[in-house]
>>> print(open('run_35.txt').read())   # compact mmCIF, N, CA and C atoms
# COMPACT_ATOMS: atom_id res chain seq x y z
N MET A 1 3.58 31.55 -29.04
CA MET A 1 3.15 31.21 -30.38
C MET A 1 2.39 29.89 -30.33
N THR A 2 1.37 29.76 -31.16
CA THR A 2 0.59 28.53 -31.22
C THR A 2 0.66 27.94 -32.62
N ILE A 3 0.13 26.74 -32.78
CA ILE A 3 0.13 26.09 -34.10
C ILE A 3 -0.63 26.93 -35.12
N VAL A 4 -1.65 27.65 -34.69
CA VAL A 4 -2.43 28.48 -35.60
C VAL A 4 -1.56 29.54 -36.27
N ASP A 5 -0.53 30.01 -35.60
CA ASP A 5 0.35 31.06 -36.12
C ASP A 5 1.32 30.56 -37.18
N LEU A 6 1.45 29.26 -37.32
CA LEU A 6 2.41 28.69 -38.27
C LEU A 6 1.79 28.57 -39.65
N ARG A 7 2.66 28.45 -40.66
CA ARG A 7 2.22 28.29 -42.05
C ARG A 7 2.41 26.84 -42.49
N LYS A 8 1.83 26.51 -43.60
CA LYS A 8 1.97 25.18 -44.18
C LYS A 8 3.46 24.87 -44.37
N GLY A 9 3.87 23.69 -43.92
CA GLY A 9 5.25 23.26 -44.05
C GLY A 9 6.14 23.60 -42.88
N ASP A 10 5.70 24.49 -42.00
CA ASP A 10 6.51 24.89 -40.84
C ASP A 10 6.65 23.73 -39.85
N ARG A 11 7.86 23.56 -39.33
CA ARG A 11 8.13 22.54 -38.30
C ARG A 11 8.15 23.23 -36.95
N PHE A 12 7.84 22.47 -35.90
CA PHE A 12 7.73 23.06 -34.57
C PHE A 12 8.05 22.04 -33.49
N VAL A 13 8.28 22.55 -32.28
CA VAL A 13 8.42 21.73 -31.07
C VAL A 13 7.33 22.20 -30.11
N VAL A 14 6.57 21.26 -29.57
CA VAL A 14 5.51 21.60 -28.62
C VAL A 14 6.14 22.05 -27.31
N THR A 15 5.68 23.19 -26.79
CA THR A 15 6.17 23.67 -25.50
C THR A 15 5.11 23.54 -24.41
N GLY A 16 3.86 23.32 -24.80
CA GLY A 16 2.81 23.13 -23.80
C GLY A 16 1.43 23.05 -24.41
N VAL A 17 0.50 22.51 -23.64
CA VAL A 17 -0.90 22.46 -24.04
C VAL A 17 -1.69 23.25 -23.00
N GLU A 18 -2.34 24.32 -23.46
CA GLU A 18 -3.05 25.23 -22.56
C GLU A 18 -4.52 24.86 -22.40
N LEU A 19 -4.96 23.81 -23.05
CA LEU A 19 -6.37 23.40 -22.97
C LEU A 19 -6.59 22.53 -21.74
N THR A 20 -7.78 22.59 -21.22
CA THR A 20 -8.10 21.80 -20.03
C THR A 20 -9.12 20.73 -20.37
N ARG A 21 -9.41 19.95 -19.39
CA ARG A 21 -10.41 18.89 -19.47
C ARG A 21 -10.11 17.87 -20.56
N GLU A 22 -11.17 17.38 -21.17
CA GLU A 22 -11.06 16.27 -22.11
C GLU A 22 -10.25 16.62 -23.36
N THR A 23 -10.42 17.82 -23.89
CA THR A 23 -9.70 18.21 -25.11
C THR A 23 -8.19 18.21 -24.89
N GLY A 24 -7.74 18.81 -23.82
CA GLY A 24 -6.31 18.83 -23.51
C GLY A 24 -5.76 17.43 -23.29
N LYS A 25 -6.52 16.59 -22.62
CA LYS A 25 -6.09 15.21 -22.38
C LYS A 25 -6.00 14.43 -23.68
N ARG A 26 -6.97 14.61 -24.56
CA ARG A 26 -6.95 13.89 -25.84
C ARG A 26 -5.76 14.33 -26.70
N LEU A 27 -5.49 15.62 -26.72
CA LEU A 27 -4.33 16.10 -27.49
C LEU A 27 -3.03 15.53 -26.92
N ALA A 28 -2.92 15.49 -25.61
CA ALA A 28 -1.73 14.91 -24.98
C ALA A 28 -1.62 13.42 -25.33
N ASP A 29 -2.74 12.72 -25.34
CA ASP A 29 -2.74 11.30 -25.71
C ASP A 29 -2.31 11.09 -27.16
N MET A 30 -2.60 12.07 -28.02
CA MET A 30 -2.23 11.97 -29.44
C MET A 30 -0.78 12.36 -29.69
N GLY A 31 -0.08 12.84 -28.65
CA GLY A 31 1.33 13.16 -28.80
C GLY A 31 1.69 14.62 -28.66
N PHE A 32 0.73 15.47 -28.43
CA PHE A 32 1.01 16.89 -28.24
C PHE A 32 1.50 17.12 -26.82
N THR A 33 2.74 16.72 -26.57
CA THR A 33 3.37 16.87 -25.26
C THR A 33 4.67 17.65 -25.41
N ARG A 34 5.11 18.25 -24.33
CA ARG A 34 6.32 19.08 -24.35
C ARG A 34 7.50 18.34 -24.96
N GLY A 35 8.17 18.99 -25.92
CA GLY A 35 9.36 18.45 -26.54
C GLY A 35 9.11 17.63 -27.79
N THR A 36 7.86 17.37 -28.14
CA THR A 36 7.54 16.59 -29.32
C THR A 36 7.61 17.47 -30.56
N GLU A 37 8.27 16.98 -31.61
CA GLU A 37 8.37 17.72 -32.86
C GLU A 37 7.23 17.37 -33.79
N GLY A 38 6.83 18.35 -34.59
CA GLY A 38 5.76 18.14 -35.56
C GLY A 38 5.90 19.08 -36.73
N GLN A 39 4.95 18.96 -37.67
CA GLN A 39 4.97 19.81 -38.85
C GLN A 39 3.53 20.07 -39.30
N VAL A 40 3.28 21.31 -39.73
CA VAL A 40 1.98 21.66 -40.28
C VAL A 40 1.96 21.16 -41.72
N ILE A 41 1.04 20.25 -42.03
CA ILE A 41 0.94 19.68 -43.38
C ILE A 41 0.08 20.57 -44.27
N ARG A 42 -1.09 20.95 -43.77
CA ARG A 42 -1.95 21.84 -44.55
C ARG A 42 -2.97 22.51 -43.64
N LYS A 43 -3.49 23.62 -44.16
CA LYS A 43 -4.56 24.35 -43.48
C LYS A 43 -5.70 24.51 -44.46
N ALA A 44 -6.93 24.43 -43.98
CA ALA A 44 -8.09 24.64 -44.82
C ALA A 44 -8.16 26.13 -45.21
N LEU A 45 -9.08 26.45 -46.08
CA LEU A 45 -9.18 27.79 -46.65
C LEU A 45 -9.16 28.91 -45.60
N PHE A 46 -9.93 28.79 -44.56
CA PHE A 46 -9.94 29.82 -43.51
C PHE A 46 -9.16 29.38 -42.28
N GLY A 47 -8.28 28.39 -42.43
CA GLY A 47 -7.42 27.95 -41.34
C GLY A 47 -8.05 26.93 -40.41
N ASP A 48 -9.22 26.41 -40.78
CA ASP A 48 -9.90 25.46 -39.91
C ASP A 48 -10.52 24.35 -40.75
N PRO A 49 -10.11 23.11 -40.59
CA PRO A 49 -9.16 22.57 -39.63
C PRO A 49 -7.72 22.61 -40.16
N LEU A 50 -6.80 22.12 -39.33
CA LEU A 50 -5.39 22.02 -39.70
C LEU A 50 -4.97 20.55 -39.68
N GLN A 51 -4.11 20.19 -40.60
CA GLN A 51 -3.56 18.83 -40.61
C GLN A 51 -2.11 18.92 -40.15
N VAL A 52 -1.79 18.15 -39.11
CA VAL A 52 -0.47 18.20 -38.48
C VAL A 52 0.13 16.80 -38.46
N SER A 53 1.41 16.71 -38.76
CA SER A 53 2.14 15.45 -38.63
C SER A 53 2.88 15.48 -37.30
N ILE A 54 2.64 14.45 -36.48
CA ILE A 54 3.27 14.37 -35.17
C ILE A 54 3.46 12.90 -34.80
N LEU A 55 4.62 12.55 -34.30
CA LEU A 55 4.95 11.18 -33.90
C LEU A 55 4.72 10.16 -35.02
N GLY A 56 4.98 10.58 -36.26
CA GLY A 56 4.90 9.65 -37.38
C GLY A 56 3.51 9.42 -37.95
N TYR A 57 2.51 10.12 -37.48
CA TYR A 57 1.19 10.00 -38.07
C TYR A 57 0.59 11.40 -38.25
N GLN A 58 -0.48 11.47 -39.02
CA GLN A 58 -1.10 12.76 -39.29
C GLN A 58 -2.45 12.85 -38.60
N VAL A 59 -2.70 14.01 -38.01
CA VAL A 59 -3.93 14.25 -37.28
C VAL A 59 -4.51 15.59 -37.74
N THR A 60 -5.84 15.64 -37.83
CA THR A 60 -6.53 16.88 -38.17
C THR A 60 -7.18 17.42 -36.90
N ILE A 61 -6.89 18.69 -36.60
CA ILE A 61 -7.45 19.30 -35.40
C ILE A 61 -8.13 20.62 -35.75
N ARG A 62 -9.07 21.00 -34.92
CA ARG A 62 -9.77 22.27 -35.11
C ARG A 62 -8.85 23.44 -34.80
N LYS A 63 -9.16 24.56 -35.39
CA LYS A 63 -8.39 25.78 -35.13
C LYS A 63 -8.45 26.15 -33.65
N SER A 64 -9.59 25.96 -33.02
CA SER A 64 -9.73 26.29 -31.59
C SER A 64 -8.85 25.40 -30.73
N GLU A 65 -8.66 24.15 -31.14
CA GLU A 65 -7.77 23.24 -30.41
C GLU A 65 -6.31 23.61 -30.66
N ALA A 66 -5.98 23.92 -31.91
CA ALA A 66 -4.60 24.29 -32.26
C ALA A 66 -4.17 25.57 -31.55
N ALA A 67 -5.13 26.45 -31.27
CA ALA A 67 -4.82 27.70 -30.58
C ALA A 67 -4.43 27.46 -29.13
N GLY A 68 -4.70 26.27 -28.61
CA GLY A 68 -4.35 25.93 -27.23
C GLY A 68 -3.05 25.18 -27.11
N VAL A 69 -2.35 24.96 -28.23
CA VAL A 69 -1.07 24.24 -28.21
C VAL A 69 0.05 25.24 -28.49
N THR A 70 0.85 25.54 -27.47
CA THR A 70 1.96 26.47 -27.66
C THR A 70 3.17 25.74 -28.22
N VAL A 71 3.84 26.40 -29.14
CA VAL A 71 4.96 25.78 -29.86
C VAL A 71 6.11 26.76 -30.03
N GLU A 72 7.24 26.20 -30.36
CA GLU A 72 8.41 26.98 -30.74
C GLU A 72 8.77 26.53 -32.15
N PRO A 73 8.82 27.45 -33.12
CA PRO A 73 9.14 27.04 -34.50
C PRO A 73 10.59 26.56 -34.61
N LEU A 74 10.80 25.57 -35.49
CA LEU A 74 12.14 25.08 -35.78
C LEU A 74 12.64 25.75 -37.06
N VAL A 75 13.87 26.18 -37.04
CA VAL A 75 14.46 26.83 -38.20
C VAL A 75 15.17 25.81 -39.04
N SER A 76 14.86 25.77 -40.33
CA SER A 76 15.54 24.83 -41.25
C SER A 76 16.95 25.32 -41.53
N ALA A 77 17.87 24.36 -41.61
CA ALA A 77 19.27 24.73 -41.86
C ALA A 77 19.55 24.82 -43.33
>>> encode(input="run_35.txt", output="structure tokens")
Amino acid sequence: MTIVDLRKGDRFVVTGVELTRETGKRLADMGFTRGTEGQVIRKALFGDPLQVSILGYQVTIRKSEAAGVTVEPLVSA
């Protein structure tokens, strides 16, 4: 599952970044690393871009970038 598959408000844990080169490195530098928790804040009309909260700040990423970040959804209690 990737961030693209999640809905607004869904929480997740990053399990990996499948992107290579500069894009994958930049996402890792922004906190998209294994075990990091985040939340989808909003998605644009056609799902591009997405706003994600991670490590206490909010970042907007393209749908193509979000499709390269594998996640595991967190279930609310």
>>> atom_distance(input="run_35.txt", atom1="atom CA of Glu72 of chain A", atom2="atom CA of Phe12 of chain A")
5.5 Å
>>> closest_residue(input="run_35.txt", among="A:Val4, A:Leu74, A:Arg11, A:Met30", to="Pro49 of chain A", atoms="only C-alpha atoms")
A:Val4
>>> residues_around(input="run_35.txt", residues="Thr36 of chain A", least_positions_apart="4", cutoff="7 Å", atoms="only N, CA and C atoms", output="VMD selection string")
chain A and resid 12 to 15 31 to 32 55
>>> residues_around(input="run_35.txt", residues="Lys8 of chain A", least_positions_apart="6", cutoff="6 Å", atoms="only N, CA and C atoms", output="VMD selection string")
chain A and resid 40 to 43
>>> residues_around(input="run_35.txt", residues="Ala66 of chain A", least_positions_apart="6", cutoff="8 Å", atoms="only N, CA and C atoms", output="ChimeraX atom specification")
/A:1-5,50
>>> select_by_dssp(input="run_35.txt", residues="chain A", states="alpha helix (DSSP H)", output="number ranges by chain")
A: 21-29, 63-66
>>> write_last_selection(input="run_35.txt", atoms="N, CA and C atoms", output="short mmCIF file (atom, residue, chain, number, x, y, z; two decimals), in the frame of the given file")
data_model
loop_
_atom_site.label_atom_id
_atom_site.label_comp_id
_atom_site.auth_asym_id
_atom_site.auth_seq_id
_atom_site.Cartn_x
_atom_site.Cartn_y
_atom_site.Cartn_z
N ARG A 21 -9.41 19.95 -19.39
CA ARG A 21 -10.41 18.89 -19.47
C ARG A 21 -10.11 17.87 -20.56
N GLU A 22 -11.17 17.38 -21.17
CA GLU A 22 -11.06 16.27 -22.11
C GLU A 22 -10.25 16.62 -23.36
N THR A 23 -10.42 17.82 -23.89
CA THR A 23 -9.70 18.21 -25.11
C THR A 23 -8.19 18.21 -24.89
N GLY A 24 -7.74 18.81 -23.82
CA GLY A 24 -6.31 18.83 -23.51
C GLY A 24 -5.76 17.43 -23.29
N LYS A 25 -6.52 16.59 -22.62
CA LYS A 25 -6.09 15.21 -22.38
C LYS A 25 -6.00 14.43 -23.68
N ARG A 26 -6.97 14.61 -24.56
CA ARG A 26 -6.95 13.89 -25.84
C ARG A 26 -5.76 14.33 -26.70
N LEU A 27 -5.49 15.62 -26.72
CA LEU A 27 -4.33 16.10 -27.49
C LEU A 27 -3.03 15.53 -26.92
N ALA A 28 -2.92 15.49 -25.61
CA ALA A 28 -1.73 14.91 -24.98
C ALA A 28 -1.62 13.42 -25.33
N ASP A 29 -2.74 12.72 -25.34
CA ASP A 29 -2.74 11.30 -25.71
C ASP A 29 -2.31 11.09 -27.16
N LYS A 63 -9.16 24.56 -35.39
CA LYS A 63 -8.39 25.78 -35.13
C LYS A 63 -8.45 26.15 -33.65
N SER A 64 -9.59 25.96 -33.02
CA SER A 64 -9.73 26.29 -31.59
C SER A 64 -8.85 25.40 -30.73
N GLU A 65 -8.66 24.15 -31.14
CA GLU A 65 -7.77 23.24 -30.41
C GLU A 65 -6.31 23.61 -30.66
N ALA A 66 -5.98 23.92 -31.91
CA ALA A 66 -4.60 24.29 -32.26
C ALA A 66 -4.17 25.57 -31.55
#
>>> residues_near_point(input="run_35.txt", point="(-12.7, 19.1, -28.1)", cutoff="7 Å", atoms="only C-alpha atoms", output="ChimeraX atom specification")
/A:22-23,65
>>> closest_residue(input="run_35.txt", among="A:Val59, A:Val75, A:Ala44, A:Ala67", to="Glu18 of chain A", atoms="all atoms listed in the file")
A:Ala67
